[in-house]
file entry16.csv (CSV, C-alpha atoms and all ligand atoms)
chain,number,residue,atom,x,y,z
J,17,MET,CA,0.0,0.0,0.0
J,18,GLU,CA,1.2,3.5,-0.8
J,19,LYS,CA,2.2,5.4,2.3
J,20,ILE,CA,0.5,8.6,3.4
J,21,ASN,CA,2.9,11.6,3.3
J,22,ILE,CA,2.6,14.0,6.2
J,23,LEU,CA,4.7,17.1,6.2
J,24,ILE,CA,5.2,18.8,9.6
J,25,ALA,CA,6.2,22.3,8.6
J,26,ASP,CA,6.3,24.0,12.0
J,27,ASP,CA,7.8,23.3,15.4
J,28,ILE,CA,5.3,21.0,17.3
J,29,ASP,CA,5.6,18.4,20.0
J,30,LEU,CA,6.6,15.0,18.6
J,31,SER,CA,6.1,12.8,21.7
J,32,TYR,CA,3.1,11.0,20.1
J,33,LEU,CA,4.6,10.6,16.6
J,34,ASP,CA,4.4,6.8,17.0
J,35,LEU,CA,0.6,7.2,16.4
J,36,PHE,CA,1.7,7.1,12.8
J,37,PRO,CA,3.3,3.7,12.2
J,38,LYS,CA,6.1,3.8,9.6
J,39,THR,CA,4.4,1.0,7.7
J,40,ASN,CA,1.6,3.3,6.7
J,41,TYR,CA,3.0,6.8,7.0
J,42,ASN,CA,5.9,8.8,5.8
J,43,ILE,CA,6.5,11.7,8.2
J,44,ILE,CA,8.6,14.5,6.9
J,45,PHE,CA,9.8,17.1,9.5
J,46,LYS,CA,10.9,20.4,7.9
J,47,HIS,CA,10.5,23.0,10.6
J,48,GLY,CA,10.5,26.5,9.2
J,49,LEU,CA,9.8,25.9,5.5
J,50,ASN,CA,8.1,28.9,3.9
J,51,ASN,CA,4.8,28.4,2.0
J,52,GLN,CA,6.5,28.5,-1.4
J,53,SER,CA,8.9,25.8,-0.4
J,54,ILE,CA,6.0,23.7,0.7
J,55,LEU,CA,4.3,24.1,-2.6
J,56,ASN,CA,7.6,23.3,-4.4
J,57,PHE,CA,8.2,20.2,-2.3
J,58,ASP,CA,9.5,17.3,-4.3
J,59,LYS,CA,7.1,14.7,-2.7
J,60,ARG,CA,3.3,14.7,-2.9
J,61,ILE,CA,2.1,15.9,0.5
J,62,ASP,CA,-1.2,14.4,1.6
J,63,CYS,CA,-1.4,16.2,5.0
J,64,LEU,CA,0.3,19.3,6.2
J,65,ILE,CA,0.7,20.1,9.9
J,66,ILE,CA,1.3,23.7,10.9
J,67,ARG,CA,0.9,26.2,13.7
J,68,SER,CA,-1.3,29.3,14.0
J,69,THR,CA,1.6,31.7,12.9
J,70,ARG,CA,1.5,30.3,9.4
J,71,ILE,CA,-1.0,32.1,7.0
J,72,ILE,CA,-2.8,29.8,4.6
J,73,ASP,CA,-4.5,32.0,2.0
J,74,LYS,CA,-6.3,31.5,-1.2
J,75,LYS,CA,-3.1,31.6,-3.3
J,76,PHE,CA,-1.6,28.8,-1.3
J,77,LEU,CA,-4.8,26.7,-1.4
J,78,ASP,CA,-5.1,27.3,-5.2
J,79,ASN,CA,-1.6,25.9,-5.7
J,80,CYS,CA,-1.5,22.9,-3.4
J,81,SER,CA,-2.8,19.4,-3.8
J,82,ILE,CA,-2.8,18.8,0.0
J,83,LYS,CA,-6.0,17.3,1.2
J,84,ILE,CA,-5.7,17.8,5.0
J,85,ILE,CA,-4.3,20.9,6.7
J,86,ALA,CA,-4.0,20.4,10.5
J,87,THR,CA,-3.2,23.4,12.6
J,88,CYS,CA,-1.8,22.9,16.1
J,89,SER,CA,-3.9,25.7,17.5
J,90,ARG,CA,-7.4,26.4,18.8
J,91,GLY,CA,-8.1,29.3,16.3
J,92,VAL,CA,-8.2,28.8,12.6
J,93,ASP,CA,-8.2,32.5,11.7
J,94,ASN,CA,-4.8,32.0,10.0
J,95,ILE,CA,-6.5,29.8,7.4
J,96,ASP,CA,-9.0,30.9,4.7
J,97,THR,CA,-11.4,28.1,5.9
J,98,ASP,CA,-14.3,29.1,3.5
J,99,TYR,CA,-12.0,28.7,0.5
J,100,ALA,CA,-10.5,25.5,1.8
J,101,LYS,CA,-14.0,24.1,2.1
J,102,LEU,CA,-14.7,25.1,-1.6
J,103,LYS,CA,-11.5,23.3,-2.6
J,104,ASN,CA,-12.5,20.2,-0.5
J,105,ILE,CA,-9.5,20.5,1.8
J,106,LYS,CA,-10.2,19.3,5.3
J,107,ILE,CA,-9.1,21.7,8.0
J,108,ILE,CA,-8.3,20.2,11.4
J,109,ASN,CA,-7.7,22.2,14.6
J,110,SER,CA,-7.6,21.4,18.2
J,111,SER,CA,-10.3,22.2,20.6
J,112,GLY,CA,-9.9,22.3,24.4
J,113,THR,CA,-6.3,21.1,24.6
J,114,ASN,CA,-5.0,24.6,25.5
J,115,SER,CA,-8.0,26.1,27.2
J,116,ILE,CA,-6.8,25.5,30.7
J,117,SER,CA,-3.4,27.1,29.8
J,118,ALA,CA,-5.2,30.1,28.3
J,119,ALA,CA,-7.6,30.5,31.2
J,120,GLU,CA,-4.7,30.3,33.7
J,121,HIS,CA,-2.8,32.9,31.7
J,122,THR,CA,-5.8,35.1,31.7
J,123,PHE,CA,-5.7,34.9,35.5
J,124,GLY,CA,-2.0,35.5,35.5
J,125,LEU,CA,-2.7,38.8,33.6
J,126,ILE,CA,-5.5,39.7,36.0
J,127,LEU,CA,-3.2,39.0,39.0
J,128,GLU,CA,-0.4,41.0,37.4
J,129,VAL,CA,-2.6,44.0,37.0
J,130,PHE,CA,-4.0,43.8,40.6
J,131,LYS,CA,-0.8,42.8,42.4
J,132,ARG,CA,1.9,44.4,40.1
J,133,ILE,CA,4.3,41.5,40.8
J,134,SER,CA,6.7,42.2,37.9
J,135,LEU,CA,6.8,45.9,38.7
J,136,SER,CA,7.7,45.1,42.3
J,137,ASP,CA,10.4,42.7,41.0
J,138,LYS,CA,11.8,45.6,38.9
J,139,ILE,CA,11.8,48.0,41.9
J,140,ILE,CA,13.6,45.6,44.2
J,141,ARG,CA,16.2,44.8,41.5
J,142,LYS,CA,16.9,48.6,41.3
J,143,GLY,CA,17.9,48.4,45.0
J,144,ASN,CA,14.6,50.1,46.1
J,145,PHE,CA,12.0,48.8,48.6
J,146,GLU,CA,9.4,51.4,48.0
J,147,TYR,CA,5.8,50.2,47.6
J,148,THR,CA,3.7,53.3,48.2
J,149,GLU,CA,4.0,54.5,44.6
J,150,PHE,CA,1.9,51.8,43.0
J,151,GLU,CA,-1.5,50.5,44.0
J,152,ARG,CA,-2.3,46.8,44.7
J,153,ARG,CA,-5.9,45.6,45.0
J,154,GLU,CA,-7.8,42.5,46.0
J,155,LEU,CA,-9.7,40.4,43.5
J,156,TYR,CA,-12.2,39.2,46.2
J,157,GLY,CA,-15.7,40.7,45.6
J,158,LYS,CA,-14.7,42.3,42.2
J,159,LYS,CA,-17.1,42.0,39.3
J,160,ILE,CA,-15.7,40.1,36.3
J,161,GLY,CA,-17.5,40.3,32.9
J,162,ILE,CA,-16.7,37.2,30.8
J,163,ILE,CA,-17.6,37.6,27.1
J,164,GLY,CA,-17.6,34.1,25.5
J,165,VAL,CA,-18.3,31.3,27.9
J,166,GLY,CA,-16.8,28.5,25.8
J,167,LYS,CA,-13.8,26.3,26.8
J,168,VAL,CA,-11.6,29.1,28.0
J,169,GLY,CA,-14.2,31.4,29.3
J,170,SER,CA,-15.9,28.7,31.4
J,171,HIS,CA,-12.6,27.8,33.1
J,172,VAL,CA,-12.0,31.5,33.7
J,173,ALA,CA,-15.4,31.5,35.4
J,174,LYS,CA,-14.4,28.6,37.7
J,175,LEU,CA,-11.2,30.4,38.7
J,176,SER,CA,-13.1,33.6,39.3
J,177,LEU,CA,-15.5,31.8,41.6
J,178,ALA,CA,-12.5,30.4,43.5
J,179,PHE,CA,-11.3,34.0,44.0
J,180,GLY,CA,-14.6,35.0,45.4
J,181,MET,CA,-15.5,37.2,42.5
J,182,LYS,CA,-18.9,38.1,41.1
J,183,ILE,CA,-19.5,37.0,37.5
J,184,PHE,CA,-21.3,38.7,34.7
J,185,ALA,CA,-21.4,36.3,31.7
J,186,ASN,CA,-22.3,36.9,28.1
J,187,ASP,CA,-22.5,34.5,25.2
J,188,THR,CA,-24.3,34.7,21.9
J,189,ASP,CA,-25.2,30.9,22.0
J,190,VAL,CA,-28.4,30.3,23.9
J,191,ASN,CA,-27.3,26.7,24.7
J,192,VAL,CA,-24.3,28.0,26.6
J,193,LYS,CA,-26.6,29.9,28.9
J,194,LYS,CA,-28.5,26.6,29.6
J,195,ILE,CA,-25.2,24.6,30.3
J,196,HIS,CA,-23.9,27.3,32.6
J,197,ASN,CA,-27.1,28.1,34.4
J,198,ASN,CA,-25.2,28.8,37.6
J,199,LEU,CA,-23.7,31.9,36.0
J,200,ASN,CA,-25.2,35.4,36.0
J,201,PHE,CA,-25.8,36.1,32.2
J,202,LYS,CA,-26.2,39.8,31.4
J,203,PRO,CA,-26.7,41.8,28.2
J,204,LEU,CA,-23.4,43.0,26.8
J,205,SER,CA,-24.0,46.7,27.5
J,206,TYR,CA,-24.8,46.0,31.1
J,207,LEU,CA,-21.6,43.8,31.5
J,208,LEU,CA,-19.4,46.5,29.8
J,209,LYS,CA,-20.8,49.3,32.0
J,210,HIS,CA,-20.7,47.4,35.4
J,211,SER,CA,-17.7,45.1,35.4
J,212,ASP,CA,-14.4,45.9,37.2
J,213,ILE,CA,-12.7,43.4,34.9
J,214,ILE,CA,-13.8,42.6,31.3
J,215,THR,CA,-12.2,39.5,29.8
J,216,LEU,CA,-12.7,38.4,26.2
J,217,HIS,CA,-12.9,34.8,25.1
J,218,ILE,CA,-14.6,34.8,21.7
J,219,PRO,CA,-13.3,33.5,18.3
J,220,LEU,CA,-12.2,35.8,15.5
J,221,ASN,CA,-14.5,35.2,12.6
J,222,LYS,CA,-16.3,37.4,10.1
J,223,GLU,CA,-19.0,38.4,12.7
J,224,ASN,CA,-16.5,39.2,15.4
J,225,ARG,CA,-14.0,41.3,13.6
J,226,LYS,CA,-13.6,44.5,15.7
J,227,TYR,CA,-16.6,43.2,17.7
J,228,ILE,CA,-15.4,45.3,20.7
J,229,SER,CA,-15.9,48.4,18.7
J,230,LYS,CA,-15.4,52.1,19.5
J,231,GLU,CA,-19.0,52.3,20.7
J,232,LYS,CA,-18.6,49.3,23.0
J,233,LEU,CA,-15.2,50.4,24.4
J,234,ASN,CA,-16.9,53.7,25.2
J,235,LEU,CA,-19.2,51.9,27.6
J,236,PHE,CA,-16.4,50.6,29.8
J,237,ASN,CA,-16.2,52.4,33.1
J,238,LYS,CA,-13.1,54.4,33.8
J,239,ASP,CA,-11.9,52.1,36.7
J,240,SER,CA,-12.2,48.9,34.6
J,241,VAL,CA,-9.5,46.6,33.5
J,242,PHE,CA,-9.6,45.0,30.1
J,243,ILE,CA,-8.1,41.5,29.4
J,244,ASN,CA,-7.7,40.0,26.0
J,245,THR,CA,-6.3,36.5,25.5
J,246,SER,CA,-8.6,35.6,22.6
J,247,ARG,CA,-7.6,37.4,19.3
J,248,GLY,CA,-6.5,40.9,18.7
J,249,GLY,CA,-8.7,41.3,15.7
J,250,VAL,CA,-11.9,41.2,17.8
J,251,VAL,CA,-11.0,44.6,19.3
J,252,ASP,CA,-10.8,48.1,17.8
J,253,GLU,CA,-7.1,48.5,18.9
J,254,LYS,CA,-6.8,52.1,17.9
J,255,HIS,CA,-9.7,53.1,20.0
J,256,LEU,CA,-8.5,51.0,22.9
J,257,ILE,CA,-5.2,52.9,22.8
J,258,LYS,CA,-7.1,56.2,22.7
J,259,ILE,CA,-9.1,55.4,25.8
J,260,LEU,CA,-6.1,54.0,27.7
J,261,LYS,CA,-4.2,57.3,26.9
J,262,ALA,CA,-7.2,59.4,28.0
J,263,GLY,CA,-7.6,57.4,31.2
J,264,LYS,CA,-11.1,56.4,30.2
J,265,ILE,CA,-10.2,52.8,31.3
J,266,LYS,CA,-7.8,52.0,34.0
J,267,PHE,CA,-5.6,49.2,32.6
J,268,ALA,CA,-5.4,46.6,29.8
J,269,ALA,CA,-3.5,43.3,29.8
J,270,LEU,CA,-3.2,41.8,26.3
J,271,ASP,CA,-1.8,38.6,25.0
J,272,VAL,CA,-3.0,39.0,21.5
J,273,PHE,CA,-2.9,41.7,18.8
J,274,GLU,CA,-4.4,42.6,15.5
J,275,HIS,CA,-1.0,42.4,13.8
J,276,GLU,CA,1.5,39.9,15.2
J,277,PRO,CA,4.4,40.1,15.7
J,278,ASP,CA,4.4,43.7,14.5
J,279,ILE,CA,2.1,45.1,17.2
J,280,ASN,CA,0.9,48.7,17.2
J,281,PRO,CA,3.9,50.5,18.7
J,282,GLU,CA,1.6,52.9,20.6
J,283,PHE,CA,1.0,50.0,23.1
J,284,LEU,CA,4.7,50.2,24.1
J,285,LYS,CA,4.4,53.8,25.1
J,286,LEU,CA,1.7,53.2,27.6
J,287,ASN,CA,2.4,52.4,31.3
J,288,ASN,CA,-1.2,51.2,31.9
J,289,VAL,CA,-0.8,48.1,29.8
J,290,ILE,CA,0.8,44.7,30.3
J,291,LEU,CA,1.7,42.8,27.2
J,292,THR,CA,2.6,39.2,26.6
J,293,ASN,CA,3.5,37.7,23.3
J,294,HIS,CA,0.6,35.3,22.4
J,295,ILE,CA,1.7,32.7,25.0
J,296,ALA,CA,-1.6,32.2,26.8
J,297,GLY,CA,-2.3,28.8,25.4
J,298,LYS,CA,1.4,27.7,24.9
J,299,THR,CA,2.6,25.7,27.9
J,300,SER,CA,4.7,22.5,28.0
J,301,GLU,CA,1.5,20.6,28.8
J,302,SER,CA,-0.7,22.0,26.1
J,303,ARG,CA,2.0,21.6,23.5
J,304,VAL,CA,2.0,17.8,24.1
J,305,LYS,CA,-1.8,17.5,24.4
J,306,MET,CA,-2.4,19.6,21.3
J,307,ALA,CA,-0.1,17.6,19.0
J,308,LYS,CA,-1.5,14.3,20.3
J,309,ASP,CA,-5.1,15.5,19.6
J,310,ILE,CA,-4.2,16.7,16.1
J,311,PHE,CA,-2.5,13.3,15.3
J,312,LEU,CA,-5.5,11.4,16.5
J,313,GLN,CA,-7.9,13.6,14.5
J,314,ILE,CA,-5.8,13.1,11.3
J,315,LYS,CA,-5.9,9.3,11.9
J,316,GLU,CA,-9.6,9.4,12.6
J,317,HIS,CA,-10.3,11.4,9.5
J,318,LEU,CA,-8.3,9.0,7.3
J,319,HIS,CA,-10.0,6.0,8.9
J,320,PHE,CA,-13.5,7.4,8.2
J,321,SER,CA,-12.5,8.1,4.6
J,322,LYS,CA,-12.1,4.3,4.5
J,323,ASN,CA,-9.6,4.0,1.8
J,324,PRO,CA,-7.3,7.0,2.4
J,325,LYS,CA,-5.7,6.7,-1.1
J,326,LEU,CA,-9.2,6.8,-2.8
J,327,TYR,CA,-10.0,9.8,-0.6
J,328,PHE,CA,-6.9,11.6,-1.8
J,329,LYS,CA,-7.9,11.1,-5.4
J,330,ILE,CA,-11.2,13.0,-5.0
U,1,LIG,N1,-3.9,33.4,23.4
U,1,LIG,C1,-3.9,32.1,23.2
U,1,LIG,O1,-2.9,31.5,23.2
U,1,LIG,C2,-5.2,31.3,23.0
U,1,LIG,C3,-5.3,30.0,23.5
U,1,LIG,C4,-6.5,29.4,23.4
U,1,LIG,C5,-7.6,30.0,22.8
U,1,LIG,N2,-7.5,31.3,22.4
U,1,LIG,C6,-8.6,32.0,21.8
U,1,LIG,O2,-9.6,32.2,22.8
U,1,LIG,C7,-10.9,32.2,22.2
U,1,LIG,C8,-11.8,31.3,22.9
U,1,LIG,O3,-11.4,30.0,22.7
U,1,LIG,P1,-12.3,28.8,23.2
U,1,LIG,O4,-11.6,27.5,23.0
U,1,LIG,O5,-12.9,29.1,24.5
U,1,LIG,O6,-13.5,28.9,22.1
U,1,LIG,P2,-15.0,28.2,22.2
U,1,LIG,O7,-15.5,28.0,20.8
U,1,LIG,O8,-15.0,27.0,23.1
U,1,LIG,O9,-15.8,29.4,23.0
U,1,LIG,C9,-16.1,30.6,22.3
U,1,LIG,C10,-17.4,31.1,22.9
U,1,LIG,O10,-17.6,32.4,22.5
U,1,LIG,C11,-19.0,32.5,22.1
U,1,LIG,N3,-19.2,33.6,21.2
U,1,LIG,C12,-18.8,33.7,19.9
U,1,LIG,N4,-19.0,35.0,19.5
U,1,LIG,C13,-19.5,35.7,20.5
U,1,LIG,C14,-19.9,37.1,20.7
U,1,LIG,N5,-19.8,37.9,19.7
U,1,LIG,N6,-20.3,37.5,21.9
U,1,LIG,C15,-20.4,36.6,23.0
U,1,LIG,N7,-20.1,35.3,22.8
U,1,LIG,C16,-19.6,34.9,21.6
U,1,LIG,C17,-19.4,31.2,21.5
U,1,LIG,O11,-20.8,30.9,21.5
U,1,LIG,C18,-18.6,30.2,22.4
U,1,LIG,O12,-19.4,29.8,23.6
U,1,LIG,C19,-10.6,32.0,20.7
U,1,LIG,O13,-10.5,33.2,20.0
U,1,LIG,C20,-9.3,31.2,20.7
U,1,LIG,O14,-8.7,31.4,19.4
U,1,LIG,C21,-6.3,32.0,22.5

call {"tool": "encode", "arguments": {"input": "entry16.csv", "output": "structure tokens", "more": "lines below"}}
Ligand SMILES: NC(=O)c1ccc[n+]([C@@H]2O[C@H](COP(=O)([O-])OP(=O)(O)OC[C@H]3O[C@@H](n4cnc5c(N)ncnc54)[C@H](O)[C@@H]3O)[C@@H](O)[C@H]2O)c1
result
Amino acid sequence: MEKINILIADDIDLSYLDLFPKTNYNIIFKHGLNNQSILNFDKRIDCLIIRSTRIIDKKFLDNCSIKIIATCSRGVDNIDTDYAKLKNIKIINSSGTNSISAAEHTFGLILEVFKRISLSDKIIRKGNFEYTEFERRELYGKKIGIIGVGKVGSHVAKLSLAFGMKIFANDTDVNVKKIHNNLNFKPLSYLLKHSDIITLHIPLNKENRKYISKEKLNLFNKDSVFINTSRGGVVDEKHLIKILKAGKIKFAALDVFEHEPDINPEFLKLNNVILTNHIAGKTSESRVKMAKDIFLQIKEHLHFSKNPKLYFKI
């Protein structure tokens, strides 16, 4: 039987590579190949495994004969999924394998804003022991507005309850409200006006591009803290910078940006922001879980296509 060629083009965890027995699969590991080199590859590639930093656009999809593209990420906003569907290319992503990491990072950012741990570290390294110049606050009793109560958002809710916080939840899916009937669901405008912390956990898709618009940002109260570990593209960043500069919002802590890695340089000039470089979901544990999940999904997809080789001829 002809082997299935899988090209791993990005740096992913390989602990579970033996899920692909050598008798049936040819695994080619070429970390860092650019898209053109993938298209020019001398072997026929049946399945391509990538990470979220690689952009898969119409041009790439038009020129490839790959039948499965698997991304080791939760989001698929790096891939033109509508066009892939038209071209009968299966897109595989991972759901839930990095949500605990992302929720914990969200809390890391919240704690950083409320406790100023890294600022205190900087002060002590300068030989200073001064603590009156910066404020620290308790999380207990604070109102946290969680927009998007999916895998990440629901874990953020659990952590918030453990800290004794009051939750305002919001989700566009009515079923989510039924599942999490212990949470206090509120209309978005109420949540934005009344939360001490607003944290975003929605996907970037056509409907959600700049969803947190100028109008919505203007509803935040001036003492509120904004946290975003979802995707930068769901926020009007320019207006966020404007209200941070004007003190119309207290603080923002961001892991994700509209343009990565070339983020808006205005963020760097602000001292009421904390920035991390899209690491929320990237931990040692999630890296292993995510690659394993992707490998299993690829195998399952091939299995259900019964004869993988026939499938690839479609
Ligand atoms: N920074 C990171 O490293 C990292 C890691 C993991 C996930 N993420 C991102 O976090 C986000 C959430 O991931 P998830 O796994 O929880 O997704 P999910 O699909 O499990 O949950 C998303 C929830 O948002 C809701 N939703 C969608 N649009 C909405 C809107 N406009 N208003 C209110 N609710 C809305 C959906 O109904 C769903 O319940 C995604 O953007 C994902 O890409 C980032």

call {"tool": "residues_near_ligand", "arguments": {"input": "entry16.csv", "ligand": "ligand LIG 1 (chain U)", "cutoff": "7 Å", "atoms": "all atoms listed in the file", "output": "number ranges by chain"}}
result
J: 90-91, 111-112, 114-115, 118, 163-169, 186-189, 192, 217-220, 224, 227, 245-247, 271-272, 294-298

call {"tool": "residues_near_point", "arguments": {"input": "entry16.csv", "point": "(-7.4, 21.3, 6.1)", "cutoff": "7 Å", "atoms": "all atoms listed in the file", "output": "VMD selection string"}}
result
chain J and resid 83 to 86 100 105 to 108

call {"tool": "write_last_selection", "arguments": {"input": "entry16.csv", "atoms": "C-alpha atoms", "output": "PDB file, in the frame of the given file"}}
result
ATOM      1  CA  LYS J  83      -6.000  17.300   1.200  1.00  0.00           C
ATOM      2  CA  ILE J  84      -5.700  17.800   5.000  1.00  0.00           C
ATOM      3  CA  ILE J  85      -4.300  20.900   6.700  1.00  0.00           C
ATOM      4  CA  ALA J  86      -4.000  20.400  10.500  1.00  0.00           C
ATOM      5  CA  ALA J 100     -10.500  25.500   1.800  1.00  0.00           C
ATOM      6  CA  ILE J 105      -9.500  20.500   1.800  1.00  0.00           C
ATOM      7  CA  LYS J 106     -10.200  19.300   5.300  1.00  0.00           C
ATOM      8  CA  ILE J 107      -9.100  21.700   8.000  1.00  0.00           C
ATOM      9  CA  ILE J 108      -8.300  20.200  11.400  1.00  0.00           C
TER      10      ILE J 108
END

call {"tool": "atom_distance", "arguments": {"input": "entry16.csv", "atom1": "atom CA of Arg132 of chain J", "atom2": "atom CA of Glu149 of chain J"}}
result
11.3 Å

call {"tool": "residues_around", "arguments": {"input": "entry16.csv", "residues": "Phe123 of chain J", "least_positions_apart": "3", "cutoff": "8 Å", "atoms": "all atoms listed in the file", "output": "list in words"}}
result
Ala119, Glu120, Ile126, Leu127, Val172 and Leu175 of chain J

call {"tool": "atom_distance", "arguments": {"input": "entry16.csv", "atom1": "atom CA of Ala262 of chain J", "atom2": "atom CA of Ile228 of chain J"}}
result
17.9 Å

call {"tool": "closest_residue", "arguments": {"input": "entry16.csv", "among": "J:Ser68, J:Ser211, J:Asn244, J:Ser205", "to": "Lys232 of chain J", "atoms": "all atoms listed in the file"}}
result
J:Ser205

call {"tool": "closest_residue", "arguments": {"input": "entry16.csv", "among": "J:Thr69, J:Asp26, J:Lys193, J:Phe145", "to": "His275 of chain J", "atoms": "only C-alpha atoms"}}
result
J:Thr69

call {"tool": "residues_around", "arguments": {"input": "entry16.csv", "residues": "segment 55-66 of chain J", "least_positions_apart": "3", "cutoff": "10 Å", "atoms": "all atoms listed in the file", "output": "VMD selection string"}}
result
chain J and resid 19 to 28 42 to 45 47 to 52 69 to 72 76 to 77 79 to 89 105 to 109 307 310 to 311 314 324 to 325 328

call {"tool": "closest_residue", "arguments": {"input": "entry16.csv", "among": "J:Asn237, J:Ser53, J:Gln313, J:Asn200", "to": "Ile214 of chain J", "atoms": "only C-alpha atoms"}}
result
J:Asn237

call {"tool": "atom_distance", "arguments": {"input": "entry16.csv", "atom1": "atom CA of Val304 of chain J", "atom2": "atom CA of Glu18 of chain J"}}
result
28.7 Å

call {"tool": "closest_residue", "arguments": {"input": "entry16.csv", "among": "J:Leu177, J:Asp73, J:Asn191, J:Pro37", "to": "Tyr99 of chain J", "atoms": "only C-alpha atoms"}}
result
J:Asp73

call {"tool": "residues_near_point", "arguments": {"input": "entry16.csv", "point": "(-2.2, 46.9, 37.9)", "cutoff": "8 Å", "atoms": "all atoms listed in the file", "output": "list in words"}}
result
Glu128, Val129, Phe130, Lys131, Arg132, Glu151, Arg152, Phe267 and Asn288 of chain J
